[in-house]
$ cat my_file12.txt   # compact mmCIF, C-alpha atoms
# COMPACT_ATOMS: atom_id res chain seq x y z
CA MET A 1 42.48 19.29 -7.89
CA LYS A 2 40.30 17.00 -5.78
CA LEU A 3 37.90 17.97 -3.04
CA ARG A 4 36.41 15.31 -0.80
CA PHE A 5 33.76 16.08 1.78
CA GLN A 6 32.51 13.32 4.07
CA VAL A 7 30.02 13.27 6.92
CA ALA A 8 29.15 10.00 8.64
CA LEU A 9 26.66 9.38 11.43
CA SER A 10 25.95 6.12 13.28
CA SER A 11 23.78 5.15 16.20
CA CYS A 12 23.81 2.48 18.94
CA ASP A 13 27.28 3.38 20.15
CA PHE A 14 27.14 6.81 18.45
CA LYS A 15 29.85 7.77 16.02
CA LEU A 16 30.20 11.02 14.14
CA ARG A 17 32.89 11.68 11.57
CA PHE A 18 33.48 14.86 9.62
CA GLN A 19 36.25 15.03 7.06
CA ILE A 20 37.39 17.48 4.40
CA ALA A 21 40.26 16.61 2.10
CA ILE A 22 41.73 18.83 -0.59
CA SER A 23 44.48 17.52 -2.81
CA SER A 24 46.33 18.46 -5.95
CA CYS A 25 49.39 16.87 -7.52
CA ASP A 26 51.82 18.49 -5.07
CA PHE A 27 49.71 19.54 -2.08
CA LYS A 28 47.40 17.77 0.39
CA LEU A 29 45.25 19.17 3.16
CA ARG A 30 43.11 16.99 5.43
CA PHE A 31 40.87 18.09 8.27
CA GLN A 32 39.13 15.43 10.35
CA VAL A 33 36.94 15.38 13.45
CA ALA A 34 35.75 12.08 14.93
CA ILE A 35 33.57 11.59 18.02
CA SER A 36 32.64 8.24 19.58
CA SER A 37 30.60 7.24 22.60
CA CYS A 38 30.46 4.36 25.14
CA ASP A 39 34.25 4.32 25.44
CA PHE A 40 34.32 8.04 24.65
CA LYS A 41 36.91 9.17 22.17
CA LEU A 42 37.33 12.52 20.54
CA ARG A 43 39.81 12.90 17.72
CA PHE A 44 40.87 16.02 15.90
CA GLN A 45 43.41 15.94 13.10
CA VAL A 46 44.86 18.43 10.65
CA ALA A 47 47.43 17.29 8.12
CA ILE A 48 49.17 19.41 5.50
CA SER A 49 51.78 17.96 3.20
CA ASN A 50 53.86 19.08 0.28
CA TYR A 51 56.89 17.72 -1.56
CA SER A 52 59.30 19.24 0.93
CA PHE A 53 57.43 19.09 4.24
CA LYS A 54 54.67 17.41 6.21
CA LEU A 55 52.80 19.00 9.11
CA CYS A 56 50.44 16.88 11.16
CA PHE A 57 48.58 17.96 14.28
CA LYS A 58 46.57 15.41 16.28
CA ALA A 59 44.63 15.77 19.49
CA GLU A 60 42.95 12.76 21.04
CA VAL A 61 40.91 12.45 24.22
CA ALA A 62 40.29 8.97 25.63
CA PRO A 63 38.03 7.74 28.46
CA SER A 64 40.82 7.82 31.02
CA GLU A 65 40.82 11.59 30.53
CA LYS A 66 44.31 11.52 29.11
CA LEU A 67 45.12 14.03 26.44
CA SER A 68 47.68 13.21 23.85
CA LEU A 69 49.06 15.78 21.47
CA GLU A 70 51.23 14.77 18.58
CA LYS A 71 53.05 17.08 16.23
CA SER A 72 55.34 16.06 13.41

$ encode --input "my_file12.txt" --output "structure tokens"
Amino acid sequence: MKLRFQVALSSCDFKLRFQIAISSCDFKLRFQVAISSCDFKLRFQVAISNYSFKLCFKAEVAPSEKLSLEKS
């Protein structure tokens, strides 16, 4: 089993990324939050996968205030 924990901060145009990933030979779970500035983006993603199925949920907000939701 693998556990990956990542936090990234930047400045100037401000980026923040937070990610947790858990994986074993037959199962993966990924949770990610990303925030940007200047051209403002917010991204939220949860992905769960197994041999037989994959579930991915994404929400993204862009500067034009459009919200896109994607589910697969």

$ atom_distance --input "my_file12.txt" --atom1 "CA of Asp13 (chain A)" --atom2 "CA of Phe44 (chain A)"
19.0 Å

$ residues_near_point --input "my_file12.txt" --point "(28.2, 7.1, 19.4)" --cutoff "7 Å" --atoms "all atoms listed in the file" --output "list in words"
Ser10, Ser11, Cys12, Asp13, Phe14, Lys15, Leu16, Ser36, Ser37 and Cys38 of chain A

$ atom_distance --input "my_file12.txt" --atom1 "CA of Phe40 (chain A)" --atom2 "CA of Ala8 (chain A)"
16.9 Å

$ closest_residue --input "my_file12.txt" --among "A:Arg17, A:Val7, A:Val61, A:Ser52" --to "Asp39 (chain A)" --atoms "only C-alpha atoms"
A:Val61

$ closest_residue --input "my_file12.txt" --among "A:Lys28, A:Phe18, A:Leu3, A:Glu60" --to "Lys41 (chain A)" --atoms "all atoms listed in the file"
A:Glu60

$ residues_near_point --input "my_file12.txt" --point "(51.3, 16.6, -6.4)" --cutoff "12 Å" --atoms "only C-alpha atoms" --output "list of chain:residue names"
A:Met1, A:Lys2, A:Ile22, A:Ser23, A:Ser24, A:Cys25, A:Asp26, A:Phe27, A:Lys28, A:Leu29, A:Ser49, A:Asn50, A:Tyr51, A:Ser52

$ atom_distance --input "my_file12.txt" --atom1 "CA of Gln19 (chain A)" --atom2 "CA of Ala47 (chain A)"
11.5 Å

$ closest_residue --input "my_file12.txt" --among "A:Lys54, A:Ala62, A:Ile20, A:Val46" --to "Gln6 (chain A)" --atoms "all atoms listed in the file"
A:Ile20

$ closest_residue --input "my_file12.txt" --among "A:Phe53, A:Ala59, A:Arg4, A:Leu9" --to "Arg30 (chain A)" --atoms "all atoms listed in the file"
A:Arg4

$ build_atoms --input "my_file12.txt" --residues "region 23-44 of chain A" --atoms "N, CA and C atoms" --output "PDB file, keeping the file's coordinate frame"
ATOM      1  N   SER A  23      43.180  17.957  -2.307  1.00  0.00           N
ATOM      2  CA  SER A  23      44.480  17.520  -2.810  1.00  0.00           C
ATOM      3  C   SER A  23      44.683  17.927  -4.259  1.00  0.00           C
ATOM      4  N   SER A  24      45.911  18.223  -4.571  1.00  0.00           N
ATOM      5  CA  SER A  24      46.330  18.460  -5.950  1.00  0.00           C
ATOM      6  C   SER A  24      47.586  17.620  -6.139  1.00  0.00           C
ATOM      7  N   CYS A  25      48.223  17.728  -7.271  1.00  0.00           N
ATOM      8  CA  CYS A  25      49.390  16.870  -7.520  1.00  0.00           C
ATOM      9  C   CYS A  25      50.522  17.071  -6.526  1.00  0.00           C
ATOM     10  N   ASP A  26      50.703  18.265  -5.993  1.00  0.00           N
ATOM     11  CA  ASP A  26      51.820  18.490  -5.070  1.00  0.00           C
ATOM     12  C   ASP A  26      51.428  19.017  -3.695  1.00  0.00           C
ATOM     13  N   PHE A  27      50.151  18.985  -3.356  1.00  0.00           N
ATOM     14  CA  PHE A  27      49.710  19.540  -2.080  1.00  0.00           C
ATOM     15  C   PHE A  27      48.518  18.753  -1.542  1.00  0.00           C
ATOM     16  N   LYS A  28      48.526  18.453  -0.249  1.00  0.00           N
ATOM     17  CA  LYS A  28      47.400  17.770   0.390  1.00  0.00           C
ATOM     18  C   LYS A  28      47.039  18.482   1.683  1.00  0.00           C
ATOM     19  N   LEU A  29      45.753  18.615   1.914  1.00  0.00           N
ATOM     20  CA  LEU A  29      45.250  19.170   3.160  1.00  0.00           C
ATOM     21  C   LEU A  29      44.119  18.279   3.639  1.00  0.00           C
ATOM     22  N   ARG A  30      44.171  17.826   4.879  1.00  0.00           N
ATOM     23  CA  ARG A  30      43.110  16.990   5.430  1.00  0.00           C
ATOM     24  C   ARG A  30      42.722  17.500   6.805  1.00  0.00           C
ATOM     25  N   PHE A  31      41.422  17.641   7.002  1.00  0.00           N
ATOM     26  CA  PHE A  31      40.870  18.090   8.270  1.00  0.00           C
ATOM     27  C   PHE A  31      39.856  17.049   8.710  1.00  0.00           C
ATOM     28  N   GLN A  32      40.005  16.507   9.904  1.00  0.00           N
ATOM     29  CA  GLN A  32      39.130  15.430  10.350  1.00  0.00           C
ATOM     30  C   GLN A  32      38.728  15.619  11.802  1.00  0.00           C
ATOM     31  N   VAL A  33      37.452  15.385  12.090  1.00  0.00           N
ATOM     32  CA  VAL A  33      36.940  15.380  13.450  1.00  0.00           C
ATOM     33  C   VAL A  33      36.180  14.075  13.633  1.00  0.00           C
ATOM     34  N   ALA A  34      36.458  13.334  14.676  1.00  0.00           N
ATOM     35  CA  ALA A  34      35.750  12.080  14.930  1.00  0.00           C
ATOM     36  C   ALA A  34      35.322  12.042  16.394  1.00  0.00           C
ATOM     37  N   ILE A  35      34.083  11.692  16.651  1.00  0.00           N
ATOM     38  CA  ILE A  35      33.570  11.590  18.020  1.00  0.00           C
ATOM     39  C   ILE A  35      32.947  10.214  18.193  1.00  0.00           C
ATOM     40  N   SER A  36      33.251   9.527  19.276  1.00  0.00           N
ATOM     41  CA  SER A  36      32.640   8.240  19.580  1.00  0.00           C
ATOM     42  C   SER A  36      31.969   8.320  20.935  1.00  0.00           C
ATOM     43  N   SER A  37      31.238   7.276  21.296  1.00  0.00           N
ATOM     44  CA  SER A  37      30.600   7.240  22.600  1.00  0.00           C
ATOM     45  C   SER A  37      30.909   5.896  23.256  1.00  0.00           C
ATOM     46  N   CYS A  38      30.218   5.576  24.352  1.00  0.00           N
ATOM     47  CA  CYS A  38      30.460   4.360  25.140  1.00  0.00           C
ATOM     48  C   CYS A  38      31.860   4.393  25.747  1.00  0.00           C
ATOM     49  N   ASP A  39      32.881   4.248  24.940  1.00  0.00           N
ATOM     50  CA  ASP A  39      34.250   4.320  25.440  1.00  0.00           C
ATOM     51  C   ASP A  39      34.849   5.692  25.156  1.00  0.00           C
ATOM     52  N   PHE A  40      34.056   6.662  25.059  1.00  0.00           N
ATOM     53  CA  PHE A  40      34.320   8.040  24.650  1.00  0.00           C
ATOM     54  C   PHE A  40      35.692   8.373  24.080  1.00  0.00           C
ATOM     55  N   LYS A  41      35.703   8.678  22.835  1.00  0.00           N
ATOM     56  CA  LYS A  41      36.910   9.170  22.170  1.00  0.00           C
ATOM     57  C   LYS A  41      36.567  10.415  21.385  1.00  0.00           C
ATOM     58  N   LEU A  42      37.452  11.344  21.381  1.00  0.00           N
ATOM     59  CA  LEU A  42      37.330  12.520  20.540  1.00  0.00           C
ATOM     60  C   LEU A  42      38.646  12.661  19.797  1.00  0.00           C
ATOM     61  N   ARG A  43      38.578  12.790  18.501  1.00  0.00           N
ATOM     62  CA  ARG A  43      39.810  12.900  17.720  1.00  0.00           C
ATOM     63  C   ARG A  43      39.728  14.102  16.804  1.00  0.00           C
ATOM     64  N   PHE A  44      40.787  14.844  16.752  1.00  0.00           N
ATOM     65  CA  PHE A  44      40.870  16.020  15.900  1.00  0.00           C
ATOM     66  C   PHE A  44      42.200  15.938  15.162  1.00  0.00           C
TER      67      PHE A  44
END
